[in-house]
Each structure stands twice: as structure tokens, then as C-alpha cells.
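> Dropping in work.cif, which is mmCIF, C-alpha atoms:
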data_final
loop_
_atom_site.label_atom_id
_atom_site.label_comp_id
_atom_site.auth_asym_id
_atom_site.auth_seq_id
_atom_site.Cartn_x
_atom_site.Cartn_y
_atom_site.Cartn_z
CA MET A 48 145.36 146.96 85.26
CA ILE A 49 142.38 145.17 86.76
CA ASP A 50 139.98 147.22 88.78
CA THR A 51 140.41 145.25 92.00
CA SER A 52 137.75 147.16 93.88
CA ALA A 53 135.07 145.60 91.69
CA ILE A 54 135.80 142.03 92.80
CA GLY A 55 136.57 143.06 96.35
CA LEU A 56 140.21 142.07 96.76
CA VAL A 57 141.59 142.43 100.23
CA GLN A 58 145.11 143.67 100.91
CA VAL A 59 146.83 141.39 103.43
CA GLU A 60 150.32 142.84 103.24
CA GLU A 61 152.19 145.25 101.09
CA ASP A 62 151.69 144.53 97.38
CA VAL A 63 149.73 141.33 98.16
CA LYS A 64 146.01 141.33 97.55
CA ILE A 65 143.88 138.21 97.87
CA LEU A 66 140.25 137.35 97.43
CA ALA A 67 138.08 137.86 100.46
CA PRO A 68 138.19 134.79 102.80
CA ASN A 69 134.62 133.71 102.02
CA VAL A 70 135.13 133.47 98.29
CA ILE A 71 135.94 130.23 96.49
CA ILE A 72 136.60 129.65 92.83
CA THR A 73 135.20 126.57 91.17
CA THR A 74 133.17 125.52 88.18
CA PHE A 75 129.44 124.98 88.13
CA ASP A 76 130.04 121.37 87.14
CA LYS A 77 132.22 120.70 90.14
CA ILE A 78 130.12 122.40 92.78
CA ILE A 79 126.73 121.21 91.52
CA ASN A 80 127.87 117.64 90.94
CA TRP A 81 129.48 117.66 94.38
CA GLY A 82 126.24 118.85 95.90
CA ARG A 83 124.24 116.20 94.08
CA LEU A 84 126.47 113.27 94.87
CA SER A 85 126.82 114.26 98.51
CA SER A 86 123.11 114.19 99.23
CA MET A 87 121.79 111.39 97.10
CA TRP A 88 118.44 110.49 98.62
CA PRO A 89 116.94 107.25 97.39
CA THR A 90 113.23 106.68 97.65
CA THR A 91 112.37 103.60 99.67
CA PHE A 92 111.24 100.96 97.25
CA GLY A 93 111.77 97.36 98.34
CA LEU A 94 110.18 94.63 96.27
CA ALA A 95 111.68 91.41 97.60
CA CYS A 96 114.50 89.97 99.69
CA CYS A 97 116.97 92.54 98.27
CA ALA A 98 115.10 95.13 100.33
CA ILE A 99 116.29 93.41 103.51
CA GLU A 100 119.88 93.77 102.35
CA MET A 101 119.19 97.38 101.36
CA MET A 102 117.93 98.02 104.89
CA ALA A 103 121.04 96.33 106.27
CA ALA A 104 123.15 98.68 104.14
CA GLY A 105 121.24 101.60 105.63
CA ALA A 106 121.56 100.38 109.22
CA ALA A 107 124.28 101.18 111.73
CA HIS A 108 126.99 98.75 110.66
CA ASN A 109 127.30 99.91 107.05
CA ASP A 110 125.62 103.27 107.61
CA LEU A 111 124.63 104.88 104.33
CA ASP A 112 124.15 108.21 106.14
CA ARG A 113 127.89 108.85 106.10
CA PHE A 114 127.63 109.22 102.31
CA GLY A 115 124.71 111.59 102.68
CA ILE A 116 122.39 108.82 101.50
CA ILE A 117 119.17 109.06 103.46
CA PHE A 118 116.11 107.04 102.52
CA ARG A 119 113.22 109.30 101.72
CA GLY A 120 109.62 108.24 102.00
CA SER A 121 108.36 110.19 99.02
CA PRO A 122 109.66 109.93 95.44
CA ARG A 123 108.95 113.65 95.00
CA GLN A 124 111.67 114.48 97.51
CA ALA A 125 114.14 111.85 96.32
CA ASP A 126 117.00 111.82 93.82
CA CYS A 127 117.21 108.17 92.90
CA VAL A 128 115.36 104.89 93.21
CA ILE A 129 116.93 101.58 94.22
CA VAL A 130 114.86 98.89 92.50
CA ALA A 131 115.49 96.23 95.14
CA GLY A 132 113.98 92.91 94.13
CA THR A 133 111.91 91.02 91.61
CA VAL A 134 109.81 93.27 89.39
CA THR A 135 106.63 91.51 88.35
CA LYS A 136 104.63 92.63 85.35
CA LYS A 137 101.82 93.61 87.68
CA MET A 138 104.26 95.77 89.68
CA ALA A 139 105.97 97.34 86.63
CA PRO A 140 103.44 100.21 86.21
CA VAL A 141 103.89 101.06 89.90
CA VAL A 142 107.70 101.09 89.64
CA ARG A 143 107.47 103.30 86.58
CA ARG A 144 105.08 105.67 88.34
CA VAL A 145 107.43 106.01 91.32
CA TYR A 146 110.27 106.78 88.90
CA ASP A 147 108.15 109.31 87.01
CA GLN A 148 107.45 111.18 90.22
CA ILE A 149 111.12 111.72 91.04
CA PRO A 150 112.20 115.22 89.97
CA GLU A 151 115.16 115.62 87.59
CA PRO A 152 118.01 114.87 87.91
CA ARG A 153 117.08 111.31 88.77
CA TYR A 154 118.95 108.05 88.81
CA VAL A 155 118.08 104.35 88.93
CA ILE A 156 120.00 101.57 90.62
CA ALA A 157 118.93 98.05 89.70
CA MET A 158 119.75 95.99 92.77
CA GLY A 159 120.06 92.23 92.54
CA SER A 160 119.88 89.64 89.79
CA CYS A 161 116.11 89.94 89.46
CA ALA A 162 116.05 93.68 88.88
CA CYS A 163 119.03 93.41 86.49
CA THR A 164 117.92 90.46 84.35
CA GLY A 165 114.96 88.69 85.90
CA GLY A 166 117.32 86.30 87.65
CA VAL A 167 116.09 82.75 88.14
CA PHE A 168 112.52 83.82 87.41
CA LYS A 169 112.28 83.35 83.66
CA THR A 170 108.52 83.00 84.03
CA TYR A 171 105.25 84.43 82.80
CA SER A 172 104.92 86.92 85.63
CA THR A 173 108.40 88.43 85.95
CA VAL A 174 109.90 91.34 84.05
CA GLN A 175 113.19 90.22 82.51
CA GLY A 176 115.22 93.14 83.82
CA CYS A 177 113.79 96.47 84.91
CA ASP A 178 115.87 98.19 82.19
CA SER A 179 113.08 97.24 79.80
CA PHE A 180 111.10 100.21 81.09
CA LEU A 181 113.56 102.23 83.23
CA PRO A 182 116.85 103.97 82.33
CA VAL A 183 119.16 102.09 84.71
CA ASP A 184 122.38 103.84 85.73
CA VAL A 185 124.04 101.20 87.89
CA TYR A 186 123.51 97.44 87.91
CA VAL A 187 124.32 95.77 91.22
CA PRO A 188 124.53 91.98 90.74
CA GLY A 189 124.08 89.39 93.48
CA CYS A 190 121.29 87.32 94.92
CA PRO A 191 120.88 89.30 97.04
CA PRO A 192 123.95 91.59 96.88
CA ARG A 193 125.73 92.05 100.17
CA PRO A 194 125.48 95.55 101.69
CA GLU A 195 129.10 96.16 100.63
CA THR A 196 128.11 95.46 97.03
CA LEU A 197 125.26 97.94 97.23
CA LEU A 198 127.64 100.46 98.78
CA GLU A 199 130.00 99.93 95.86
CA GLY A 200 127.11 100.47 93.47
CA LEU A 201 126.11 103.69 95.19
CA MET A 202 129.70 104.91 95.11
CA MET A 203 129.83 104.10 91.40
CA LEU A 204 126.72 106.21 90.93
CA GLN A 205 128.42 109.01 92.87
CA GLU A 206 131.39 108.68 90.53
CA LYS A 207 129.04 108.87 87.56
CA ILE A 208 127.43 112.04 88.91
CA ARG A 209 130.87 113.52 89.59
CA ASN A 210 131.78 113.16 85.91
CA GLU A 211 128.62 114.69 84.50
CA LYS A 212 129.05 117.72 82.26
CA ALA A 213 126.61 120.62 82.37
CA ARG A 214 123.60 118.68 83.53
CA TRP A 215 122.59 121.75 85.52
CA SER A 216 122.48 123.90 82.38
CA PRO A 217 119.25 124.83 80.59
CA TRP A 218 121.17 124.42 77.29
CA ARG A 219 122.20 120.87 77.98
CA MET B 161 80.78 68.40 128.05
CA ALA B 162 79.88 66.99 124.73
CA VAL B 163 83.38 67.23 123.31
CA THR B 164 85.02 65.06 125.98
CA GLU B 165 82.21 62.54 125.75
CA VAL B 166 82.81 62.10 122.07
CA ARG B 167 86.56 61.98 122.52
CA THR B 168 86.34 58.97 124.83
CA THR B 169 84.29 57.01 122.37
CA ILE B 170 86.92 57.01 119.64
CA HIS B 171 90.61 56.33 119.35
CA PRO B 172 92.63 59.11 121.04
CA ALA B 173 94.52 59.82 117.83
CA GLY B 174 91.25 60.18 115.97
CA THR B 175 89.72 57.87 113.45
CA ASP B 176 91.98 55.95 111.11
CA PRO B 177 91.76 57.68 107.71
CA VAL B 178 91.15 54.33 106.01
CA GLN B 179 88.00 53.96 108.11
CA ILE B 180 86.92 57.50 107.21
CA ALA B 181 87.36 56.60 103.55
CA GLU B 182 85.22 53.49 104.09
CA LYS B 183 82.54 55.63 105.72
CA ILE B 184 82.47 58.02 102.75
CA LYS B 185 82.25 55.02 100.44
CA GLU B 186 79.31 53.66 102.41
CA LEU B 187 77.38 56.91 102.39
CA PHE B 188 78.18 58.00 98.82
CA PRO B 189 78.77 54.72 96.98
CA ASP B 190 78.26 56.12 93.47
CA GLN B 191 80.43 59.20 94.12
CA VAL B 192 83.66 57.57 95.26
CA ILE B 193 85.87 56.55 92.36
CA ASP B 194 88.90 55.29 94.21
CA VAL B 195 90.73 55.39 97.52
CA ALA B 196 94.47 55.91 97.29
CA ASN B 197 96.81 55.24 100.16
CA PHE B 198 100.33 56.59 99.92
CA ARG B 199 102.46 56.23 103.06
CA ASP B 200 99.38 56.33 105.30
CA GLN B 201 98.13 59.47 103.60
CA VAL B 202 94.69 58.48 102.43
CA SER B 203 93.09 60.23 99.48
CA VAL B 204 89.50 59.72 98.48
CA ILE B 205 88.99 60.40 94.79
CA ILE B 206 85.44 61.51 94.16
CA LYS B 207 83.23 62.83 91.39
CA LYS B 208 82.64 66.55 91.51
CA ASP B 209 78.81 66.39 91.44
CA MET B 210 78.28 65.96 95.18
CA SER B 211 81.62 67.22 96.43
CA VAL B 212 80.04 69.92 98.58
CA ALA B 213 77.68 67.42 100.23
CA ILE B 214 80.59 65.08 101.01
CA LEU B 215 82.71 67.92 102.42
CA LYS B 216 79.74 69.15 104.45
CA TYR B 217 79.25 65.66 105.87
CA LEU B 218 82.95 65.47 106.84
CA HIS B 219 82.70 68.88 108.49
CA ASP B 220 79.41 68.34 110.32
CA ASP B 221 79.65 64.72 111.46
CA PRO B 222 80.38 64.86 115.22
CA LEU B 223 82.73 61.87 115.08
CA LEU B 224 84.75 63.25 112.17
CA SER B 225 84.51 67.00 112.73
CA PHE B 226 86.89 68.18 110.02
CA ASP B 227 86.87 71.76 111.20
CA HIS B 228 90.07 72.86 109.49
CA LEU B 229 90.69 73.16 105.76
CA GLN B 230 94.45 72.79 105.53
CA ASP B 231 94.71 73.48 101.84
CA LEU B 232 92.67 73.74 98.71
CA THR B 233 94.42 73.52 95.39
CA ALA B 234 94.24 71.84 92.02
CA VAL B 235 96.43 69.58 89.91
CA ASP B 236 96.59 69.55 86.11
CA TYR B 237 97.00 65.98 84.80
CA LEU B 238 97.19 66.98 81.14
CA LYS B 239 98.00 63.88 79.02
CA LYS B 240 98.44 61.82 82.19
CA LYS B 241 94.87 61.08 83.21
CA ASP B 242 91.57 60.96 81.38
CA VAL B 243 90.01 63.62 83.58
CA ARG B 244 92.28 66.61 83.37
CA PHE B 245 91.94 68.44 86.70
CA GLU B 246 91.69 67.35 90.30
CA VAL B 247 90.73 69.79 93.03
CA VAL B 248 92.50 68.72 96.21
CA TYR B 249 91.11 69.38 99.68
CA GLY B 250 93.39 68.75 102.63
CA LEU B 251 91.21 68.30 105.68
CA TYR B 252 92.20 68.17 109.32
CA SER B 253 90.28 67.85 112.54
CA MET B 254 91.53 70.06 115.34
CA LYS B 255 89.36 68.14 117.76
CA TYR B 256 90.45 64.59 116.91
CA ARG B 257 93.75 65.25 115.12
CA HIS B 258 92.99 63.05 112.15
CA GLN B 259 93.30 64.07 108.55
CA ILE B 260 92.26 63.00 105.09
CA ARG B 261 92.63 64.22 101.54
CA ILE B 262 89.73 64.57 99.15
CA ARG B 263 90.40 64.79 95.42
CA ALA B 264 87.52 65.78 93.18
CA GLN B 265 87.85 65.15 89.46
CA VAL B 266 87.01 68.10 87.23
CA ALA B 267 86.78 67.63 83.48
CA GLU B 268 88.40 70.00 81.00
CA ASP B 269 85.29 70.85 78.96
CA ASN B 270 83.47 72.40 81.94
CA PRO B 271 86.01 73.20 84.66
CA SER B 272 83.67 74.04 87.52
CA ILE B 273 82.93 72.63 90.96
CA GLY B 274 80.86 73.62 93.97
CA SER B 275 82.34 76.18 96.33
CA ALA B 276 83.37 75.18 99.85
CA VAL B 277 83.14 78.71 101.25
CA SER B 278 79.80 77.90 102.90
CA ILE B 279 81.58 75.15 104.89
CA TRP B 280 84.98 76.73 105.58
CA GLU B 281 85.21 80.51 105.31
CA GLY B 282 88.95 80.13 104.67
CA ALA B 283 88.31 78.47 101.33
CA ASN B 284 87.51 81.88 99.86
CA TRP B 285 90.98 83.00 98.79
CA HIS B 286 92.14 79.45 98.08
CA GLU B 287 89.37 79.07 95.55
CA ARG B 288 90.16 82.44 94.05
CA GLU B 289 93.79 81.41 93.63
CA CYS B 290 92.68 78.11 92.14
CA TYR B 291 90.49 79.99 89.69
CA ASP B 292 93.31 82.42 88.92
CA MET B 293 95.90 79.73 88.21
CA PHE B 294 93.82 76.88 86.72
CA GLY B 295 90.63 78.53 85.51
CA ILE B 296 88.42 76.27 87.60
CA ARG B 297 85.19 78.08 88.46
CA PHE B 298 83.73 77.57 91.92
CA ASN B 299 79.94 77.73 91.75
CA GLY B 300 78.47 79.66 94.66
CA HIS B 301 81.68 81.51 95.50
CA PRO B 302 80.80 84.98 96.87
CA ASP B 303 83.50 86.89 94.98
CA LEU B 304 85.27 84.84 92.32
CA ARG B 305 87.94 87.18 90.93
CA ARG B 306 91.61 86.70 90.11
CA ILE B 307 93.69 87.06 93.26
CA LEU B 308 97.33 87.15 92.08
CA MET B 309 97.41 88.03 88.41
CA PRO B 310 96.07 91.33 87.04
CA GLU B 311 92.31 91.14 86.53
CA ASP B 312 92.52 91.52 82.75
CA TRP B 313 95.22 88.85 82.38
CA GLU B 314 94.50 86.29 79.69
CA GLY B 315 95.03 82.59 80.33
CA TYR B 316 95.63 80.47 83.40
CA PRO B 317 99.37 80.29 84.15
CA LEU B 318 99.59 77.01 86.09
CA ARG B 319 97.91 74.96 83.38
CA LYS B 320 100.40 72.60 81.81
CA ASP B 321 99.70 73.89 78.29
CA TYR B 322 100.45 77.50 79.31
CA PRO B 323 103.84 78.69 78.00
CA LEU B 324 106.32 78.47 80.89
CA LYS B 325 108.10 81.69 79.99
CA GLY B 326 104.85 83.50 79.41
CA PRO B 327 103.36 84.99 76.27
CA GLU B 328 105.39 86.89 73.68
CA LEU B 329 105.64 90.63 74.25
CA GLU B 330 103.06 91.38 71.54
CA LYS B 331 100.56 89.10 73.29
CA ASP B 332 101.60 90.05 76.81
CA TRP B 333 99.38 91.68 79.41
CA ILE B 334 98.21 95.06 78.11
CA GLY B 335 99.27 96.87 81.30
CA PHE B 336 102.87 95.77 80.84
CA ARG B 337 102.91 96.62 77.14
CA GLU B 338 101.56 100.05 78.04
CA VAL B 339 104.44 100.65 80.50
CA ILE B 340 107.02 99.67 77.88
CA ARG B 341 105.37 101.88 75.26
CA ARG B 342 105.26 104.86 77.60
CA SER B 343 108.86 104.40 78.71
CA GLN B 344 109.98 104.44 75.07
CA GLU B 345 107.90 107.53 74.47
CA LEU B 346 109.54 109.34 77.40
CA LYS B 347 113.04 108.28 76.39
CA GLU B 348 113.64 111.56 74.51
CA PHE B 349 113.59 113.46 77.81
CA GLU B 350 116.30 111.33 79.38
CA TRP B 351 119.75 112.69 80.09
CA GLU B 352 122.29 111.13 77.75
CA GLY B 353 125.46 112.66 79.25
#
Write out the structure in this file as C-alpha cells.

Amino acid sequence: MIDTSAIGLVQVEEDVKILAPNVIITTFDKIINWGRLSSMWPTTFGLACCAIEMMAAGAAHNDLDRFGIIFRGSPRQADCVIVAGTVTKKMAPVVRRVYDQIPEPRYVIAMGSCACTGGVFKTYSTVQGCDSFLPVDVYVPGCPPRPETLLEGLMMLQEKIRNEKARWSPWR
Amino acid sequence: MAVTEVRTTIHPAGTDPVQIAEKIKELFPDQVIDVANFRDQVSVIIKKDMSVAILKYLHDDPLLSFDHLQDLTAVDYLKKKDVRFEVVYGLYSMKYRHQIRIRAQVAEDNPSIGSAVSIWEGANWHERECYDMFGIRFNGHPDLRRILMPEDWEGYPLRKDYPLKGPELEKDWIGFREVIRRSQELKEFEWEG
């Protein structure tokens, strides 16, 4: 016989005891991942024309806010970075520094052909894909990608976060 | 007013650029190499030695009054012409609405030419870009640094013998190599799922 008084069961009718109304049962994975994916704040980091499309995705018509995605001005208060545009070699240390300042858990979305592969700029000054110095989670192709494509990419990142196992744990 | 007086003495659309070229030829006979005319765009090809004096004359002469430097750039004629570089000045007169192009030849062994910053203040960044991309030094420039590439970048990217896709990673800019090295170092702290 379980000592029901210890977990605070409430009797609702004869022989029926339930958990108190403000108690839910879930796993850490589910609740923490849900919390993370529902308030994914990207740091504002536009490098080229993709940034315009990123702004369009954030504006009223596509409205990233409904996913809990709010652009944050400081990488220290953000959860992910959208690398939107051509990364030049001169800019690469800056991109890396912004990424380094984001607290864990952090994610990277490479937006557009240039950030994914260097795009048409196979030149002396352009980094051939920002994955050469960043751990990219989601690649969003397009030149530039339409806001819908970026939305799809963000939702894929949400899906990825949803399936994470024990990232919250100190023994991970 | 002096301006209107002058305006009445010349053609309302300014001086014909062919005539301007003739004038330069008259005043600097040993400096002008050639006058090229392509679709009424007249270029005067000059030696670099007195380029600043010629530009100053074009700027100061009251009947020419080239008060606007439209563009300043360079062309690399590697294996196409004997003298490798040409610094190109696109000049325009706001007052008379006539224009002309000056091309100064700069040899490969000593790529330097006089600075035009004392004549047009706007030449400052153009000359810096020209130095950054072609390695042409502008003597008398107040602050000749690279403007686009990192300051410790090696080589001049717009020269025709510069590799189009840039140097190999081992010879790449040290700042970029440093970022790659650090990112690989920090890889062990990344979440692998």
C-alpha cells in the first residue's frame, strides 16, 4: 500500500484519489526540450541580402513571434544564431566570437547558399561555408531563401531540439 | 558673376573632350602618349611622372574646371600591354558638364604614382582601395592603408596573377587560420546528441 499522504493525493469521490490539480507528470527531456524549442531566441546577425529576408520572416506577415522566436540584440541572451549571408574571411573571427558568447545550449542556422557553401563566391575573400568554423545544425538553402524556407528551417531546428536526449543533464 | 561670364564664352555643353585632349597635348607634349576615342569617350594616356600636375591643371583651369573626380581605379594589363598597370581617373565638370578620362601608365617594377588627394579630397579612399587591390602606392597620400582586406593580408587580390580562388588554407590569412584552429580546439565541448 502506497502512503498517499506523502505525494498529496486528493480524494474526489469514494475510493477515487487523484493527484492534486496543479501537478503534471512528464519527463525532464520533454519539459526542458519543450521549453527550449518554444522560446528560441536568435541573436540578430545579418551579413548580406539574406538578412533582409530574415527580417521579412520576422515581420508581421510571417511573424516569427508566434513560434516564440524573438530576435535578441545580445548573443549573451540568445539561444541560436542565424548566419544570414556571405561570410568573408575578415568577418569569420567576428561570427565565431558572436557564437562563442552564446550560452549553452546553442544552435546555428546557416541561412542561404553563401553561409552553407560559399555560394557563387568561390573567391579569395569568402569562406566556403560557415561550417568550416561553426557547428551548423540546420542548413537553409536558397539565394536568398524565402521567409517560408527560413521558417521551415527554424521548425526543423525545433524538431531537432524536441528529440534531444538528456542535454539538460550534468552527466550528458 | 564670374561663373556665368565664363559659361557664355564656351559651348553650353562644355568643351568637346577632343579639344581638352588637344589642350593637354599642347601643354604637356612629352607626357601624353596617346589619345584614345571610344564612342566619344576620350581617354588621354599619359606618363605617370607629371600626372599630378596634369590633373591639377584640369582642376584649376577656369575653362575646364574639372571639380568632380567620378572614379579612380586601376587596370592590370598583364601580358596584354608593355606597361602593366594603368591608373584611370574619370573626371567631370559640374560647372560645364564635360568629362574626360585620364589613364596614367604605371610600370610593374615600381608601382607608384602621385596622389590626387591634394586636388580632390574624395580620392583618399579610392586610392586606398587601389593600393589594397593592385598594390599601387600613391606618393603623398595622407593615410595609405588597406581599406577592404585585413591589414596583414598578403598579396593584391585584383592583380591578374593572383589566384582567383585565393591562397591555399596553409597560406591563407593568419586571422582565418586562427579561427579554424580555435574552432577545432573547441570541438570537444560541442554537444554530439
> Would you kindly return, as number ranges by chain, each protein, DNA or RNA residue with an atom no farther than 9 Å from any atom of Leu304 (chain B), considering only C-alpha atoms and excluding same-chain residues fewer than 6 positions away?
B: 284-285, 287-288, 291, 297-298
> Hey, which of B:Val247, B:Ile296, B:Ile307, B:Leu218 ends up closest to Ile279 (chain B)? Count all atoms listed in the file.
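Going through B:Val247, B:Ile296, B:Ile307, B:Leu218 one by one, the smallest distance to Ile279 (chain B) is for B:Leu218.
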> I'd like the interatomic distance between CA of Phe118 (chain A) and CA of Trp215 (chain A), to a tenth of an Å.
23.4 Å
> With all atoms listed in the file as the atoms that count, which of A:Arg153, A:Lys77, A:His108, A:Lys137 lies nearest to Glu195 (chain A)?
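Under the stated criterion, the closest residue is A:His108.
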> For the atom pair CA of Lys241 (chain B) and CA of Ile205 (chain B), what is the interatomic distance in Å to one decimal place?
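Going from CA of Lys241 (chain B) over to CA of Ile205 (chain B) covers 13.0 Å.
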> Which one of B:Lys325, B:Glu350, B:Glu338, B:Ala276 sits closest to chain A if you count all atoms listed in the file?
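Checking each candidate against chain A, we get B:Lys325 as the closest.
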> Could you tell me which residues the PyMOL selection byres ((chain A) within 6 of (chain B)) returns for this structure, as a PyMOL selection string?
chain A and resi 136+140+169-171+180
> Could those residues be written to a file, using C-alpha atoms, as a compact mmCIF listing (two decimals), keeping the file's coordinate frame?

# COMPACT_ATOMS: atom_id res chain seq x y z
CA LYS A 136 104.63 92.63 85.35
CA PRO A 140 103.44 100.21 86.21
CA LYS A 169 112.28 83.35 83.66
CA THR A 170 108.52 83.00 84.03
CA TYR A 171 105.25 84.43 82.80
CA PHE A 180 111.10 100.21 81.09
> As a check of understanding, name the residues that the PyMOL selection byres ((chain B and resi 261) around 8) selects in the supplied structure, as a ChimeraX atom specification.
/B:201-204,248-251,259-260,262-263
> Write out as a ChimeraX atom specification which residues come within 8 Å of Gly176 (chain A) when counting all atoms listed in the file, dropping same-chain ones fewer than 4 positions away.
/A:134,161-165
> With distances taken over only C-alpha atoms, which residue among A:Gly93, A:Pro68, A:Gly115, A:Pro217 lies nearest Ala157 (chain A)?
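Answer, going by the shortest atom-to-atom distance: A:Gly93.
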> As an exercise, work out the distance from CA of His228 (chain B) to CA of Met254 (chain B) in Å and give it to one decimal place.
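CA of Met254 (chain B) lies 6.6 Å from CA of His228 (chain B).
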> List, as a ChimeraX atom specification, every residue that the PyMOL selection byres ((chain A and resi 202-207) around 9) selects in the file provided.
/A:80-81,83-85,87,114,154,156,184-185,197-201,208-211
> Could you check the closest approach to Arg244 (chain B) for each of B:Gln230, B:Thr175, B:Gln265, B:Ser225 and tell me which residue wins, using all atoms listed in the file?
B:Gln265
> For each of A:Asp110, A:Glu60, A:Asp76, A:Asp126, take the minimum atom-to-atom distance to Tyr146 (chain A), counting only C-alpha atoms, then give the residue where this is smallest.
A:Asp126
> Using N, CA and C atoms, give me region 258-288 of chain B from the structure I just pasted, as an mmCIF file, in the first residue's frame.

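Saved the output as decode_19.cif:
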data_model
loop_
_atom_site.group_PDB
_atom_site.id
_atom_site.type_symbol
_atom_site.label_atom_id
_atom_site.label_comp_id
_atom_site.auth_asym_id
_atom_site.auth_seq_id
_atom_site.Cartn_x
_atom_site.Cartn_y
_atom_site.Cartn_z
ATOM 1 N N HIS B 258 31.205 68.705 -68.860
ATOM 2 C CA HIS B 258 32.009 67.917 -69.798
ATOM 3 C C HIS B 258 32.874 66.946 -69.013
ATOM 4 N N GLN B 259 33.271 65.883 -69.670
ATOM 5 C CA GLN B 259 34.069 64.887 -68.949
ATOM 6 C C GLN B 259 35.175 64.340 -69.830
ATOM 7 N N ILE B 260 36.176 63.781 -69.146
ATOM 8 C CA ILE B 260 37.313 63.197 -69.839
ATOM 9 C C ILE B 260 37.910 62.121 -68.941
ATOM 10 N N ARG B 261 38.621 61.210 -69.581
ATOM 11 C CA ARG B 261 39.257 60.136 -68.808
ATOM 12 C C ARG B 261 40.768 60.241 -68.979
ATOM 13 N N ILE B 262 41.460 60.169 -67.865
ATOM 14 C CA ILE B 262 42.928 60.218 -67.882
ATOM 15 C C ILE B 262 43.445 58.849 -67.456
ATOM 16 N N ARG B 263 44.339 58.297 -68.258
ATOM 17 C CA ARG B 263 44.925 56.993 -67.904
ATOM 18 C C ARG B 263 46.429 57.146 -67.795
ATOM 19 N N ALA B 264 46.938 56.907 -66.593
ATOM 20 C CA ALA B 264 48.374 57.065 -66.349
ATOM 21 C C ALA B 264 49.023 55.690 -66.295
ATOM 22 N N GLN B 265 50.060 55.507 -67.079
ATOM 23 C CA GLN B 265 50.736 54.214 -67.117
ATOM 24 C C GLN B 265 51.665 54.068 -65.921
ATOM 25 N N VAL B 266 51.583 52.912 -65.271
ATOM 26 C CA VAL B 266 52.419 52.633 -64.107
ATOM 27 C C VAL B 266 53.114 51.300 -64.349
ATOM 28 N N ALA B 267 54.433 51.325 -64.297
ATOM 29 C CA ALA B 267 55.187 50.101 -64.596
ATOM 30 C C ALA B 267 55.164 49.146 -63.412
ATOM 31 N N GLU B 268 55.453 47.865 -63.716
ATOM 32 C CA GLU B 268 55.346 46.828 -62.698
ATOM 33 C C GLU B 268 56.471 46.909 -61.668
ATOM 34 N N ASP B 269 57.695 47.284 -62.140
ATOM 35 C CA ASP B 269 58.851 47.221 -61.227
ATOM 36 C C ASP B 269 58.757 48.233 -60.096
ATOM 37 N N ASN B 270 58.099 49.368 -60.321
ATOM 38 C CA ASN B 270 57.919 50.356 -59.252
ATOM 39 C C ASN B 270 56.497 50.894 -59.329
ATOM 40 N N PRO B 271 55.526 50.135 -58.814
ATOM 41 C CA PRO B 271 54.131 50.567 -58.971
ATOM 42 C C PRO B 271 53.782 51.697 -58.016
ATOM 43 N N SER B 272 54.127 52.923 -58.407
ATOM 44 C CA SER B 272 53.762 54.074 -57.577
ATOM 45 C C SER B 272 53.446 55.251 -58.470
ATOM 46 N N ILE B 273 52.612 56.137 -57.955
ATOM 47 C CA ILE B 273 52.182 57.323 -58.709
ATOM 48 C C ILE B 273 51.832 58.403 -57.698
ATOM 49 N N GLY B 274 51.830 59.651 -58.139
ATOM 50 C CA GLY B 274 51.497 60.740 -57.228
ATOM 51 C C GLY B 274 50.043 60.685 -56.790
ATOM 52 N N SER B 275 49.807 61.125 -55.548
ATOM 53 C CA SER B 275 48.456 61.084 -55.006
ATOM 54 C C SER B 275 47.656 62.298 -55.463
ATOM 55 N N ALA B 276 46.353 62.075 -55.701
ATOM 56 C CA ALA B 276 45.483 63.172 -56.131
ATOM 57 C C ALA B 276 44.654 63.722 -54.987
ATOM 58 N N VAL B 277 44.993 63.324 -53.751
ATOM 59 C CA VAL B 277 44.185 63.768 -52.603
ATOM 60 C C VAL B 277 44.279 65.278 -52.422
ATOM 61 N N SER B 278 45.464 65.858 -52.784
ATOM 62 C CA SER B 278 45.599 67.310 -52.627
ATOM 63 C C SER B 278 44.692 68.060 -53.593
ATOM 64 N N ILE B 279 44.242 67.408 -54.669
ATOM 65 C CA ILE B 279 43.374 68.062 -55.649
ATOM 66 C C ILE B 279 41.907 67.769 -55.344
ATOM 67 N N TRP B 280 41.584 66.478 -55.220
ATOM 68 C CA TRP B 280 40.221 66.081 -54.847
ATOM 69 C C TRP B 280 40.307 65.300 -53.543
ATOM 70 N N GLU B 281 39.668 65.793 -52.511
ATOM 71 C CA GLU B 281 39.682 65.110 -51.213
ATOM 72 C C GLU B 281 39.096 63.690 -51.344
ATOM 73 N N GLY B 282 38.139 63.543 -52.258
ATOM 74 C CA GLY B 282 37.467 62.251 -52.414
ATOM 75 C C GLY B 282 38.357 61.150 -52.950
ATOM 76 N N ALA B 283 39.537 61.510 -53.426
ATOM 77 C CA ALA B 283 40.431 60.480 -53.965
ATOM 78 C C ALA B 283 41.009 59.607 -52.861
ATOM 79 N N ASN B 284 40.863 60.047 -51.620
ATOM 80 C CA ASN B 284 41.502 59.365 -50.493
ATOM 81 C C ASN B 284 41.179 57.871 -50.461
ATOM 82 N N TRP B 285 39.913 57.535 -50.333
ATOM 83 C CA TRP B 285 39.553 56.122 -50.191
ATOM 84 C C TRP B 285 39.718 55.363 -51.499
ATOM 85 N N HIS B 286 39.506 56.079 -52.627
ATOM 86 C CA HIS B 286 39.712 55.414 -53.920
ATOM 87 C C HIS B 286 41.150 54.946 -54.057
ATOM 88 N N GLU B 287 42.066 55.790 -53.627
ATOM 89 C CA GLU B 287 43.480 55.431 -53.738
ATOM 90 C C GLU B 287 43.830 54.312 -52.768
ATOM 91 N N ARG B 288 43.199 54.342 -51.603
ATOM 92 C CA ARG B 288 43.432 53.252 -50.656
ATOM 93 C C ARG B 288 42.937 51.927 -51.222
#
